Amino acid sequence: RSSECVDDGFAKYPLWIWPALLPAAAVRLWAEWKTLKHFLPTYVQKSNEYQVVAFKAMGMQVVFVTWLVFYIICSILNYVDIAMDSLFAATLQKTSHCSGSLIEHVWAKTWEQSTFGDWGLPALSLERLVLVSWMLSLLQMVLP
């Protein structure tokens, strides 16, 4: 099981999940490296041919090694972001089914007191809202 309900009505995921994500991170970095090795020679050649800066980090021209380190850090941070979003979504889904959980009730009250509630809009299910948000966030893997 990935998450368990605890006494306070909230779910918690076990800490062993983080090390379990490392093999997928390694495969992702390996695949990115293979892709870069295939793509970069032509990219550098065309950049030189058209006299444009080949490597930039945060808008500044940098040497290849600096760009590569920056790229790897950004890639790892992106992977951790996706993992955290996924863990949050899964934990919230589990929490909404824990006995004694007040999460949906608190969400409904929060919605009522918001501008959306003032406009008379009915509260959306927090469980569905998080699920849809999580699914949309996965698009960043395809559309960075």
# chains A, B, ... in the order shown; residues from 1 in each chain; ligands from 1
>>> closest_atom_pairs(of="stretch 25-50 of chain A", to="stretch 69-93 of chain A", cutoff="9 Å", atoms="only C-alpha atoms", output="Markdown table")
| residue | atom | partner | partner_atom | distance |
| --- | --- | --- | --- | --- |
| A:Ala25 | CA | A:Tyr79 | CA | 7.1 |
| A:Arg28 | CA | A:Tyr79 | CA | 8.8 |
| A:Leu29 | CA | A:Ile72 | CA | 7.8 |
>>> residues_around(residues="stretch 10-18 of chain A", least_positions_apart="6", cutoff="8 Å", atoms="only C-alpha atoms", output="number ranges by chain")
A: 2-4, 87, 91-92, 94-96, 98, 101
>>> select_by_dssp(residues="chain A", states="helix (DSSP H, G or I)", output="PyMOL selection string")
chain A and resi 17-20+22-49+64-95+103-112+115-118+126-141
>>> select_by_dssp(residues="stretch 6-67 of chain A", states="strand (DSSP E or B)", output="PyMOL selection string")
chain A and resi 11-12+56-57+60-61
>>> closest_residue(among="A:Phe64, A:Trp111, A:Trp119, A:Trp30", to="A:Val44", atoms="only C-alpha atoms")
A:Phe64
>>> residues_around(residues="A:Phe55", least_positions_apart="4", cutoff="12 Å", atoms="only C-alpha atoms", output="PDB file with N, CA and C atoms, in the first residue's frame")
ATOM      1  N   LEU A  40      22.666  17.102 -30.097  1.00  0.00           N
ATOM      2  CA  LEU A  40      23.558  18.241 -29.895  1.00  0.00           C
ATOM      3  C   LEU A  40      24.553  18.516 -31.013  1.00  0.00           C
ATOM      4  N   TYR A  43      22.790  20.462 -33.595  1.00  0.00           N
ATOM      5  CA  TYR A  43      22.361  21.743 -33.022  1.00  0.00           C
ATOM      6  C   TYR A  43      23.528  22.729 -32.953  1.00  0.00           C
ATOM      7  N   VAL A  44      24.685  22.278 -32.468  1.00  0.00           N
ATOM      8  CA  VAL A  44      25.851  23.156 -32.349  1.00  0.00           C
ATOM      9  C   VAL A  44      26.322  23.585 -33.737  1.00  0.00           C
ATOM     10  N   SER A  47      23.886  26.140 -35.005  1.00  0.00           N
ATOM     11  CA  SER A  47      24.025  27.388 -34.230  1.00  0.00           C
ATOM     12  C   SER A  47      25.224  28.180 -34.729  1.00  0.00           C
ATOM     13  N   ASN A  48      26.343  27.491 -34.946  1.00  0.00           N
ATOM     14  CA  ASN A  48      27.542  28.166 -35.469  1.00  0.00           C
ATOM     15  C   ASN A  48      27.307  28.678 -36.886  1.00  0.00           C
ATOM     16  N   GLY A  59      19.055  33.058 -19.654  1.00  0.00           N
ATOM     17  CA  GLY A  59      19.232  34.180 -20.567  1.00  0.00           C
ATOM     18  C   GLY A  59      20.671  34.593 -20.826  1.00  0.00           C
ATOM     19  N   MET A  60      21.633  33.913 -20.193  1.00  0.00           N
ATOM     20  CA  MET A  60      23.032  34.287 -20.365  1.00  0.00           C
ATOM     21  C   MET A  60      23.769  33.219 -21.169  1.00  0.00           C
ATOM     22  N   GLN A  61      24.674  33.670 -22.009  1.00  0.00           N
ATOM     23  CA  GLN A  61      25.503  32.738 -22.769  1.00  0.00           C
ATOM     24  C   GLN A  61      26.435  32.015 -21.802  1.00  0.00           C
ATOM     25  N   VAL A  62      26.499  30.694 -21.935  1.00  0.00           N
ATOM     26  CA  VAL A  62      27.356  29.884 -21.065  1.00  0.00           C
ATOM     27  C   VAL A  62      28.069  28.832 -21.903  1.00  0.00           C
ATOM     28  N   VAL A  63      29.106  28.254 -21.315  1.00  0.00           N
ATOM     29  CA  VAL A  63      29.800  27.163 -21.988  1.00  0.00           C
ATOM     30  C   VAL A  63      28.967  25.900 -21.829  1.00  0.00           C
ATOM     31  N   PHE A  64      29.292  24.878 -22.632  1.00  0.00           N
ATOM     32  CA  PHE A  64      28.505  23.656 -22.654  1.00  0.00           C
ATOM     33  C   PHE A  64      28.376  23.002 -21.282  1.00  0.00           C
ATOM     34  N   VAL A  65      29.462  22.875 -20.549  1.00  0.00           N
ATOM     35  CA  VAL A  65      29.426  22.180 -19.255  1.00  0.00           C
ATOM     36  C   VAL A  65      28.484  22.894 -18.290  1.00  0.00           C
ATOM     37  N   THR A  66      28.526  24.217 -18.268  1.00  0.00           N
ATOM     38  CA  THR A  66      27.618  24.988 -17.402  1.00  0.00           C
ATOM     39  C   THR A  66      26.174  24.747 -17.816  1.00  0.00           C
ATOM     40  N   TRP A  67      25.916  24.785 -19.120  1.00  0.00           N
ATOM     41  CA  TRP A  67      24.560  24.531 -19.615  1.00  0.00           C
ATOM     42  C   TRP A  67      24.104  23.131 -19.248  1.00  0.00           C
ATOM     43  N   LEU A  68      24.981  22.143 -19.398  1.00  0.00           N
ATOM     44  CA  LEU A  68      24.623  20.760 -19.094  1.00  0.00           C
ATOM     45  C   LEU A  68      24.275  20.589 -17.615  1.00  0.00           C
ATOM     46  N   VAL A  69      25.075  21.169 -16.732  1.00  0.00           N
ATOM     47  CA  VAL A  69      24.782  21.096 -15.289  1.00  0.00           C
ATOM     48  C   VAL A  69      23.434  21.763 -15.001  1.00  0.00           C
ATOM     49  N   PHE A  70      23.220  22.938 -15.588  1.00  0.00           N
ATOM     50  CA  PHE A  70      21.952  23.647 -15.405  1.00  0.00           C
ATOM     51  C   PHE A  70      20.782  22.801 -15.914  1.00  0.00           C
ATOM     52  N   TYR A  71      20.950  22.200 -17.076  1.00  0.00           N
ATOM     53  CA  TYR A  71      19.905  21.361 -17.672  1.00  0.00           C
ATOM     54  C   TYR A  71      19.598  20.153 -16.782  1.00  0.00           C
TER      55      TYR A  71
END
>>> atom_distance(atom1="atom CA of A:Asp7", atom2="atom CA of A:Glu104")
17.0 Å
